[in-house]
file start_31.pdb (PDB, C-alpha atoms and all ligand atoms)
MODEL        1
ATOM      1  CA  MET A 151     -33.441  67.657 341.405
ATOM      2  CA  ILE A 152     -33.600  64.342 343.200
ATOM      3  CA  GLU A 153     -30.662  62.918 345.109
ATOM      4  CA  ILE A 154     -30.458  59.389 346.426
ATOM      5  CA  GLU A 155     -27.619  59.034 348.916
ATOM      6  CA  ASN A 156     -26.136  55.769 350.131
ATOM      7  CA  LEU A 157     -29.504  54.037 350.216
ATOM      8  CA  HIS A 158     -29.602  50.657 351.929
ATOM      9  CA  LYS A 159     -32.552  48.338 352.370
ATOM     10  CA  HIS A 160     -32.563  44.968 354.077
ATOM     11  CA  TYR A 161     -35.200  42.525 355.214
ATOM     12  CA  ASP A 162     -34.857  40.274 358.226
ATOM     13  CA  SER A 163     -36.361  36.836 357.860
ATOM     14  CA  ALA A 164     -36.115  33.465 359.609
ATOM     15  CA  GLN A 165     -33.289  32.610 357.200
ATOM     16  CA  GLY A 166     -31.379  35.703 358.224
ATOM     17  CA  ARG A 167     -30.826  39.138 356.783
ATOM     18  CA  VAL A 168     -31.418  39.781 353.074
ATOM     19  CA  GLU A 169     -29.640  42.864 351.792
ATOM     20  CA  VAL A 170     -31.561  44.099 348.787
ATOM     21  CA  LEU A 171     -30.131  47.592 348.241
ATOM     22  CA  LYS A 172     -26.474  47.979 349.140
ATOM     23  CA  GLY A 173     -25.656  51.670 348.985
ATOM     24  CA  ILE A 174     -27.393  53.303 346.025
ATOM     25  CA  ASN A 175     -26.193  56.761 344.958
ATOM     26  CA  LEU A 176     -28.019  58.487 342.151
ATOM     27  CA  SER A 177     -28.930  62.049 341.210
ATOM     28  CA  VAL A 178     -31.480  63.019 338.619
ATOM     29  CA  GLU A 179     -31.641  66.622 337.526
ATOM     30  CA  SER A 180     -34.863  68.427 336.751
ATOM     31  CA  GLY A 181     -35.591  68.205 333.037
ATOM     32  CA  SER A 182     -33.792  64.908 332.611
ATOM     33  CA  ILE A 183     -34.692  61.244 332.296
ATOM     34  CA  THR A 184     -32.696  58.584 334.108
ATOM     35  CA  ALA A 185     -33.397  54.936 333.450
ATOM     36  CA  VAL A 186     -32.748  52.298 336.065
ATOM     37  CA  VAL A 187     -32.393  48.969 334.331
ATOM     38  CA  GLY A 188     -31.472  45.556 335.612
ATOM     39  CA  PRO A 189     -32.355  41.895 335.651
ATOM     40  CA  SER A 190     -35.060  40.338 337.770
ATOM     41  CA  GLY A 191     -34.028  40.294 341.427
ATOM     42  CA  ALA A 192     -31.648  43.247 341.050
ATOM     43  CA  GLY A 193     -33.690  45.358 343.476
ATOM     44  CA  LYS A 194     -35.643  47.568 341.035
ATOM     45  CA  SER A 195     -39.037  47.216 342.757
ATOM     46  CA  THR A 196     -37.517  47.804 346.158
ATOM     47  CA  LEU A 197     -35.756  50.938 344.921
ATOM     48  CA  SER A 198     -38.983  52.101 343.294
ATOM     49  CA  HIS A 199     -40.929  51.631 346.536
ATOM     50  CA  CYS A 200     -38.294  53.533 348.492
ATOM     51  CA  ILE A 201     -38.362  56.431 346.031
ATOM     52  CA  SER A 202     -42.158  56.620 346.033
ATOM     53  CA  LEU A 203     -41.985  56.608 349.853
ATOM     54  CA  LEU A 204     -44.044  53.431 350.131
ATOM     55  CA  GLU A 205     -41.164  51.688 351.891
ATOM     56  CA  LYS A 206     -38.708  53.103 354.379
ATOM     57  CA  PRO A 207     -35.050  52.566 353.558
ATOM     58  CA  SER A 208     -32.913  50.911 356.250
ATOM     59  CA  SER A 209     -30.442  53.783 355.923
ATOM     60  CA  GLY A 210     -29.434  56.533 353.541
ATOM     61  CA  GLN A 211     -31.594  59.356 352.260
ATOM     62  CA  ILE A 212     -33.664  60.699 349.415
ATOM     63  CA  LEU A 213     -33.771  64.440 348.818
ATOM     64  CA  ILE A 214     -35.995  66.375 346.454
ATOM     65  CA  ASP A 215     -34.855  69.927 345.757
ATOM     66  CA  GLY A 216     -32.679  69.661 348.845
ATOM     67  CA  LYS A 217     -35.459  68.485 351.138
ATOM     68  CA  ASN A 218     -34.911  65.192 352.931
ATOM     69  CA  LEU A 219     -37.906  62.897 352.450
ATOM     70  CA  THR A 220     -36.665  60.002 354.536
ATOM     71  CA  ASN A 221     -37.752  59.616 358.150
ATOM     72  CA  LEU A 222     -40.976  61.526 357.655
ATOM     73  CA  SER A 223     -44.278  60.134 358.841
ATOM     74  CA  GLY A 224     -47.958  60.977 359.093
ATOM     75  CA  LYS A 225     -49.098  64.321 357.750
ATOM     76  CA  LYS A 226     -45.619  65.432 356.703
ATOM     77  CA  LEU A 227     -45.043  62.248 354.732
ATOM     78  CA  ARG A 228     -48.376  62.613 352.920
ATOM     79  CA  ALA A 229     -47.605  66.235 352.090
ATOM     80  CA  GLU A 230     -44.141  65.496 350.718
ATOM     81  CA  ARG A 231     -45.347  62.487 348.753
ATOM     82  CA  ARG A 232     -47.092  64.959 346.450
ATOM     83  CA  ALA A 233     -43.698  65.866 345.044
ATOM     84  CA  ILE A 234     -43.563  62.396 343.507
ATOM     85  CA  GLY A 235     -45.936  61.156 340.829
ATOM     86  CA  THR A 236     -45.868  57.433 340.153
ATOM     87  CA  ILE A 237     -47.069  55.489 337.132
ATOM     88  CA  PHE A 238     -47.466  51.760 337.408
ATOM     89  CA  GLN A 239     -47.368  48.834 335.032
ATOM     90  CA  ASN A 240     -51.131  48.295 334.862
ATOM     91  CA  SER A 241     -52.024  52.013 335.109
ATOM     92  CA  ALA A 242     -54.093  51.202 338.247
ATOM     93  CA  LEU A 243     -57.189  53.155 337.188
ATOM     94  CA  LEU A 244     -60.542  52.686 338.904
ATOM     95  CA  ARG A 245     -62.827  50.816 336.498
ATOM     96  CA  ARG A 246     -66.104  52.387 337.572
ATOM     97  CA  MET A 247     -64.857  55.935 337.226
ATOM     98  CA  THR A 248     -64.499  57.842 333.979
ATOM     99  CA  VAL A 249     -61.159  59.058 332.715
ATOM    100  CA  ALA A 250     -61.893  62.565 334.028
ATOM    101  CA  GLU A 251     -62.971  61.234 337.438
ATOM    102  CA  ASN A 252     -59.828  59.123 337.720
ATOM    103  CA  ILE A 253     -57.643  62.130 336.981
ATOM    104  CA  ALA A 254     -59.632  64.291 339.405
ATOM    105  CA  LEU A 255     -59.222  61.847 342.278
ATOM    106  CA  PRO A 256     -55.958  63.177 343.760
ATOM    107  CA  LEU A 257     -57.351  66.733 343.525
ATOM    108  CA  ARG A 258     -60.641  65.699 345.157
ATOM    109  CA  ASN A 259     -58.768  63.990 347.992
ATOM    110  CA  LEU A 260     -56.899  67.207 348.571
ATOM    111  CA  GLY A 261     -60.124  69.217 348.680
ATOM    112  CA  VAL A 262     -59.503  71.295 345.566
ATOM    113  CA  VAL A 263     -62.611  73.335 344.744
ATOM    114  CA  HIS A 264     -64.866  72.268 341.874
ATOM    115  CA  GLU A 265     -64.016  74.916 339.257
ATOM    116  CA  GLU A 266     -60.323  74.590 339.757
ATOM    117  CA  MET A 267     -60.611  70.811 339.585
ATOM    118  CA  THR A 268     -62.506  70.953 336.296
ATOM    119  CA  SER A 269     -60.000  73.249 334.658
ATOM    120  CA  ARG A 270     -57.030  71.266 335.999
ATOM    121  CA  VAL A 271     -58.506  68.015 334.671
ATOM    122  CA  ALA A 272     -59.108  69.565 331.235
ATOM    123  CA  GLU A 273     -55.543  70.873 331.165
ATOM    124  CA  LEU A 274     -54.197  67.424 332.113
ATOM    125  CA  LEU A 275     -56.354  65.660 329.520
ATOM    126  CA  GLU A 276     -55.056  68.016 326.891
ATOM    127  CA  ARG A 277     -51.474  67.429 327.933
ATOM    128  CA  VAL A 278     -51.801  63.669 327.452
ATOM    129  CA  GLY A 279     -53.840  64.046 324.254
ATOM    130  CA  LEU A 280     -57.095  62.563 325.557
ATOM    131  CA  LEU A 281     -59.506  65.518 325.779
ATOM    132  CA  ASP A 282     -62.008  63.605 323.661
ATOM    133  CA  ARG A 283     -61.984  60.614 326.051
ATOM    134  CA  ALA A 284     -62.883  62.488 329.249
ATOM    135  CA  ASN A 285     -66.122  60.568 329.716
ATOM    136  CA  SER A 286     -64.887  57.146 328.639
ATOM    137  CA  TYR A 287     -64.323  54.358 331.123
ATOM    138  CA  PRO A 288     -60.898  52.697 331.380
ATOM    139  CA  GLY A 289     -62.287  49.505 329.832
ATOM    140  CA  GLN A 290     -63.115  51.426 326.664
ATOM    141  CA  LEU A 291     -59.532  52.532 326.131
ATOM    142  CA  SER A 292     -56.486  50.855 324.668
ATOM    143  CA  GLY A 293     -53.600  49.974 326.969
ATOM    144  CA  GLY A 294     -51.603  52.955 325.740
ATOM    145  CA  GLN A 295     -54.477  55.328 326.365
ATOM    146  CA  ARG A 296     -54.994  53.946 329.872
ATOM    147  CA  GLN A 297     -51.342  54.497 330.624
ATOM    148  CA  ARG A 298     -51.632  58.110 329.437
ATOM    149  CA  VAL A 299     -54.557  58.581 331.841
ATOM    150  CA  GLY A 300     -52.312  57.162 334.570
ATOM    151  CA  ILE A 301     -49.706  59.764 333.661
ATOM    152  CA  ALA A 302     -52.284  62.572 333.795
ATOM    153  CA  ARG A 303     -53.372  61.404 337.243
ATOM    154  CA  ALA A 304     -49.750  61.237 338.394
ATOM    155  CA  LEU A 305     -49.301  64.857 337.253
ATOM    156  CA  ALA A 306     -52.430  66.150 338.988
ATOM    157  CA  LEU A 307     -50.637  67.379 342.103
ATOM    158  CA  ARG A 308     -47.790  68.963 340.115
ATOM    159  CA  PRO A 309     -44.964  66.642 341.211
ATOM    160  CA  ARG A 310     -41.263  67.479 340.797
ATOM    161  CA  LEU A 311     -40.396  63.857 340.106
ATOM    162  CA  LEU A 312     -42.221  61.386 337.909
ATOM    163  CA  LEU A 313     -41.416  57.773 338.697
ATOM    164  CA  SER A 314     -42.321  55.212 336.077
ATOM    165  CA  ASP A 315     -42.324  51.693 337.490
ATOM    166  CA  GLU A 316     -42.371  49.307 334.505
ATOM    167  CA  SER A 317     -45.097  51.498 333.022
ATOM    168  CA  THR A 318     -44.546  50.284 329.461
ATOM    169  CA  SER A 319     -44.252  46.595 330.300
ATOM    170  CA  GLY A 320     -47.019  44.749 328.551
ATOM    171  CA  LEU A 321     -47.738  47.532 326.051
ATOM    172  CA  ASP A 322     -47.407  46.961 322.318
ATOM    173  CA  PRO A 323     -44.546  48.821 320.570
ATOM    174  CA  GLU A 324     -46.807  51.612 319.277
ATOM    175  CA  SER A 325     -48.367  52.326 322.687
ATOM    176  CA  THR A 326     -44.926  52.125 324.282
ATOM    177  CA  GLN A 327     -43.710  54.753 321.840
ATOM    178  CA  GLN A 328     -46.677  57.008 322.648
ATOM    179  CA  VAL A 329     -45.923  56.800 326.363
ATOM    180  CA  LEU A 330     -42.215  57.492 325.859
ATOM    181  CA  THR A 331     -42.921  60.461 323.584
ATOM    182  CA  LEU A 332     -45.228  61.841 326.241
ATOM    183  CA  LEU A 333     -42.598  61.388 328.960
ATOM    184  CA  GLU A 334     -40.059  63.209 326.786
ATOM    185  CA  SER A 335     -42.418  66.141 326.350
ATOM    186  CA  LEU A 336     -43.012  66.288 330.126
ATOM    187  CA  ARG A 337     -39.295  66.416 330.744
ATOM    188  CA  THR A 338     -38.932  69.290 328.311
ATOM    189  CA  ASP A 339     -42.149  71.265 328.905
ATOM    190  CA  LEU A 340     -42.520  70.862 332.656
ATOM    191  CA  GLY A 341     -38.878  70.381 333.573
ATOM    192  CA  LEU A 342     -39.706  67.234 335.487
ATOM    193  CA  ALA A 343     -37.089  64.855 336.774
ATOM    194  CA  ILE A 344     -38.099  61.444 335.459
ATOM    195  CA  ILE A 345     -36.946  58.033 336.667
ATOM    196  CA  LEU A 346     -37.809  55.131 334.406
ATOM    197  CA  ILE A 347     -37.491  51.783 336.137
ATOM    198  CA  THR A 348     -37.621  48.995 333.621
ATOM    199  CA  HIS A 349     -36.249  45.619 332.620
ATOM    200  CA  GLU A 350     -36.614  46.614 328.948
ATOM    201  CA  MET A 351     -33.305  48.087 327.795
ATOM    202  CA  ASP A 352     -34.686  48.823 324.321
ATOM    203  CA  VAL A 353     -37.301  51.079 325.819
ATOM    204  CA  VAL A 354     -34.807  53.403 327.433
ATOM    205  CA  ARG A 355     -32.258  53.641 324.657
ATOM    206  CA  HIS A 356     -34.248  56.333 322.850
ATOM    207  CA  VAL A 357     -35.422  58.525 325.714
ATOM    208  CA  ALA A 358     -33.067  58.271 328.664
ATOM    209  CA  ASP A 359     -30.335  60.853 329.214
ATOM    210  CA  ASN A 360     -28.605  58.602 331.735
ATOM    211  CA  VAL A 361     -28.785  54.912 332.457
ATOM    212  CA  ALA A 362     -28.026  53.244 335.773
ATOM    213  CA  GLN A 363     -27.518  49.516 335.602
ATOM    214  CA  LEU A 364     -28.681  47.903 338.831
ATOM    215  CA  ASP A 365     -27.275  44.509 339.711
ATOM    216  CA  GLY A 366     -27.359  42.679 343.030
ATOM    217  CA  GLY A 367     -28.535  45.797 344.861
ATOM    218  CA  ARG A 368     -25.736  48.005 343.556
ATOM    219  CA  ILE A 369     -25.365  50.358 340.627
ATOM    220  CA  ALA A 370     -22.925  48.327 338.588
ATOM    221  CA  GLU A 371     -22.643  50.855 335.791
ATOM    222  CA  TYR A 372     -23.767  54.421 335.155
ATOM    223  CA  GLY A 373     -23.514  56.311 331.949
ATOM    224  CA  LYS A 374     -24.806  58.972 329.633
ATOM    225  CA  LEU A 375     -26.628  57.945 326.490
ATOM    226  CA  HIS A 376     -26.929  61.244 324.656
TER     227      HIS A 376
HETATM  228  P1  LIG A 401     -36.503  43.406 340.943
HETATM  229  O1  LIG A 401     -37.653  44.344 340.979
HETATM  230  O2  LIG A 401     -35.289  43.973 340.289
HETATM  231  O3  LIG A 401     -36.874  42.076 340.362
HETATM  232  P2  LIG A 401     -36.868  43.242 343.818
HETATM  233  O4  LIG A 401     -36.656  44.585 344.405
HETATM  234  O5  LIG A 401     -38.270  42.793 343.634
HETATM  235  O6  LIG A 401     -36.050  43.133 342.456
HETATM  236  O7  LIG A 401     -36.142  42.141 344.728
HETATM  237  C1  LIG A 401     -34.742  42.124 344.927
HETATM  238  C2  LIG A 401     -34.402  41.045 345.926
HETATM  239  O8  LIG A 401     -34.952  41.365 347.193
HETATM  240  C3  LIG A 401     -34.943  39.672 345.557
HETATM  241  O9  LIG A 401     -33.932  38.732 345.807
HETATM  242  C4  LIG A 401     -36.097  39.506 346.482
HETATM  243  O10 LIG A 401     -36.296  38.146 346.788
HETATM  244  C5  LIG A 401     -35.701  40.293 347.719
HETATM  245  N1  LIG A 401     -36.864  40.826 348.438
HETATM  246  C6  LIG A 401     -37.737  41.742 347.984
HETATM  247  N2  LIG A 401     -38.684  42.011 348.890
HETATM  248  C7  LIG A 401     -38.398  41.228 349.982
HETATM  249  C8  LIG A 401     -39.006  41.028 351.263
HETATM  250  N3  LIG A 401     -40.107  41.695 351.630
HETATM  251  N4  LIG A 401     -38.422  40.142 352.103
HETATM  252  C9  LIG A 401     -37.306  39.483 351.750
HETATM  253  N5  LIG A 401     -36.687  39.615 350.550
HETATM  254  C10 LIG A 401     -37.218  40.477 349.681
HETATM  255  P1  LIG A 402     -54.127  53.404 320.267
HETATM  256  O1  LIG A 402     -54.638  54.698 319.712
HETATM  257  O2  LIG A 402     -53.640  53.549 321.680
HETATM  258  O3  LIG A 402     -53.151  52.682 319.359
HETATM  259  P2  LIG A 402     -55.904  51.224 319.571
HETATM  260  O4  LIG A 402     -55.279  51.128 318.214
HETATM  261  O5  LIG A 402     -55.836  50.045 320.457
HETATM  262  O6  LIG A 402     -55.428  52.489 320.393
HETATM  263  O7  LIG A 402     -57.433  51.589 319.403
HETATM  264  C1  LIG A 402     -57.892  52.500 318.409
HETATM  265  C2  LIG A 402     -59.122  53.206 318.880
HETATM  266  O8  LIG A 402     -60.091  52.272 319.337
HETATM  267  C3  LIG A 402     -58.833  54.096 320.056
HETATM  268  O9  LIG A 402     -59.442  55.371 319.837
HETATM  269  C4  LIG A 402     -59.449  53.419 321.253
HETATM  270  O10 LIG A 402     -60.023  54.345 322.133
HETATM  271  C5  LIG A 402     -60.523  52.586 320.653
HETATM  272  N1  LIG A 402     -60.662  51.366 321.424
HETATM  273  C6  LIG A 402     -59.722  50.466 321.712
HETATM  274  N2  LIG A 402     -60.213  49.467 322.453
HETATM  275  C7  LIG A 402     -61.507  49.769 322.650
HETATM  276  C8  LIG A 402     -62.585  49.138 323.369
HETATM  277  N3  LIG A 402     -62.435  47.974 324.015
HETATM  278  N4  LIG A 402     -63.778  49.748 323.370
HETATM  279  C9  LIG A 402     -63.956  50.917 322.743
HETATM  280  N5  LIG A 402     -62.997  51.562 322.039
HETATM  281  C10 LIG A 402     -61.809  50.994 322.009
ENDMDL
END

call {"tool": "encode", "arguments": {"input": "start_31.pdb", "output": "structure tokens", "more": "lines below"}}
Ligand code: ADP
Ligand code: ADP
result
Amino acid sequence: MIEIENLHKHYDSAQGRVEVLKGINLSVESGSITAVVGPSGAGKSTLSHCISLLEKPSSGQILIDGKNLTNLSGKKLRAERRAIGTIFQNSALLRRMTVAENIALPLRNLGVVHEEMTSRVAELLERVGLLDRANSYPGQLSGGQRQRVGIARALALRPRLLLSDESTSGLDPESTQQVLTLLESLRTDLGLAIILITHEMDVVRHVADNVAQLDGGRIAEYGKLH
């Protein structure tokens, strides 16, 4: 379970202080999908970067399974970041590496031994339905397939939370549906907590258990969908 408690983020500039997040409270249980929706400028990217521990909040905290992830640095921060898998809008795959090599990257960086890496990658490819594309390059795949590779890579280190940052933006409706169906199966099969950050309300209507409407740095509305 992930708990976001009274999260604030501001930037100081020559024009003065800009308050972007003004006290966000949100919990997402394991095995559930919460969508964070909101118009441009609402603070979605900033919230996403705080959750993925790329940016430090000004105050407040983020806990995963009771463990406080704020105020960590160095080795501890890198270790705890593994609990969070992130998928991005453009899938962010390396063009000169095959699908299998892209998925193996987080495991390689961690020093996982060869045999274990090979079997983990095969397992991940199977989970996202791309076993037959192991040796393809990203440029040979459709957008939806690339995004599924991005999901496999995000799962490589067995995260507790999967954060999707506009991951279906720019995909056609069929590929979007494939990605959402996959996310639903990950929620159910792996018991992952999933946060879907998106400006596309239609996307979340079908898969999200809860929706938080972000507006002006605050959660203006929160509700259950199913
Ligand atoms: P969204 O993703 O919902 O469009 P953002 O998180 O990108 O929203 O931005 C929310 C607000 O925070 C915007 O008004 C933006 O200009 C401001 N903002 C974001 N990053 C910075 C920054 N580094 N410095 C100053 N203001 C920022
Ligand atoms: P999807 O199955 O995600 O809907 P598409 O309909 O775009 O994919 O593509 C159908 C098939 O064509 C897929 O198996 C995909 O791998 C392949 N394909 C798509 N684009 C390319 C490409 N540029 N080069 C090689 N194969 C491609």

call {"tool": "residues_near_ligand", "arguments": {"input": "start_31.pdb", "ligand": "ligand LIG 401 (chain A)", "cutoff": "7 Å", "atoms": "all atoms listed in the file", "output": "ChimeraX atom specification"}}
result
/A:161-163,168,170,188-197

call {"tool": "closest_residue", "arguments": {"input": "start_31.pdb", "among": "A:Ser314, A:Gln290, A:Ser319, A:Asn360", "to": "ligand LIG 402 (chain A)", "atoms": "only C-alpha atoms and all ligand atoms"}}
result
A:Gln290

call {"tool": "residues_near_ligand", "arguments": {"input": "start_31.pdb", "ligand": "ligand LIG 402 (chain A)", "cutoff": "8 Å", "atoms": "only C-alpha atoms and all ligand atoms", "output": "VMD selection string"}}
result
chain A and resid 283 289 to 295 324 to 325 328

call {"tool": "residues_around", "arguments": {"input": "start_31.pdb", "residues": "Glu350 (chain A)", "least_positions_apart": "6", "cutoff": "12 Å", "atoms": "only C-alpha atoms", "output": "list in words"}}
result
Ala185, Val186, Val187, Gly188, Pro189, Ser190, Asp315, Glu316, Ser317, Thr318, Ser319, Gly320, Leu321, Pro323, Thr326, His356, Val361 and Gln363 of chain A

call {"tool": "resolve_selection", "arguments": {"input": "start_31.pdb", "expression": "the PyMOL selection byres (((chain A and resi 277) around 10) and not hetatm)", "output": "PyMOL selection string"}}
result
chain A and resi 271-276+278-281+298+301-302+305+332+335-336

call {"tool": "closest_residue", "arguments": {"input": "start_31.pdb", "among": "A:Leu340, A:Glu205, A:Asn218, A:Gly366", "to": "Arg310 (chain A)", "atoms": "all atoms listed in the file"}}
result
A:Leu340

call {"tool": "resolve_selection", "arguments": {"input": "start_31.pdb", "expression": "the PyMOL selection byres (((chain A and resi 362) around 12) and not hetatm)", "output": "PyMOL selection string"}}
result
chain A and resi 174-178+183-188+192+194+345-349+351+354-355+358-361+363-365+367-375

call {"tool": "atom_distance", "arguments": {"input": "start_31.pdb", "atom1": "CA of Ile154 (chain A)", "atom2": "CA of Gly210 (chain A)"}}
result
7.7 Å
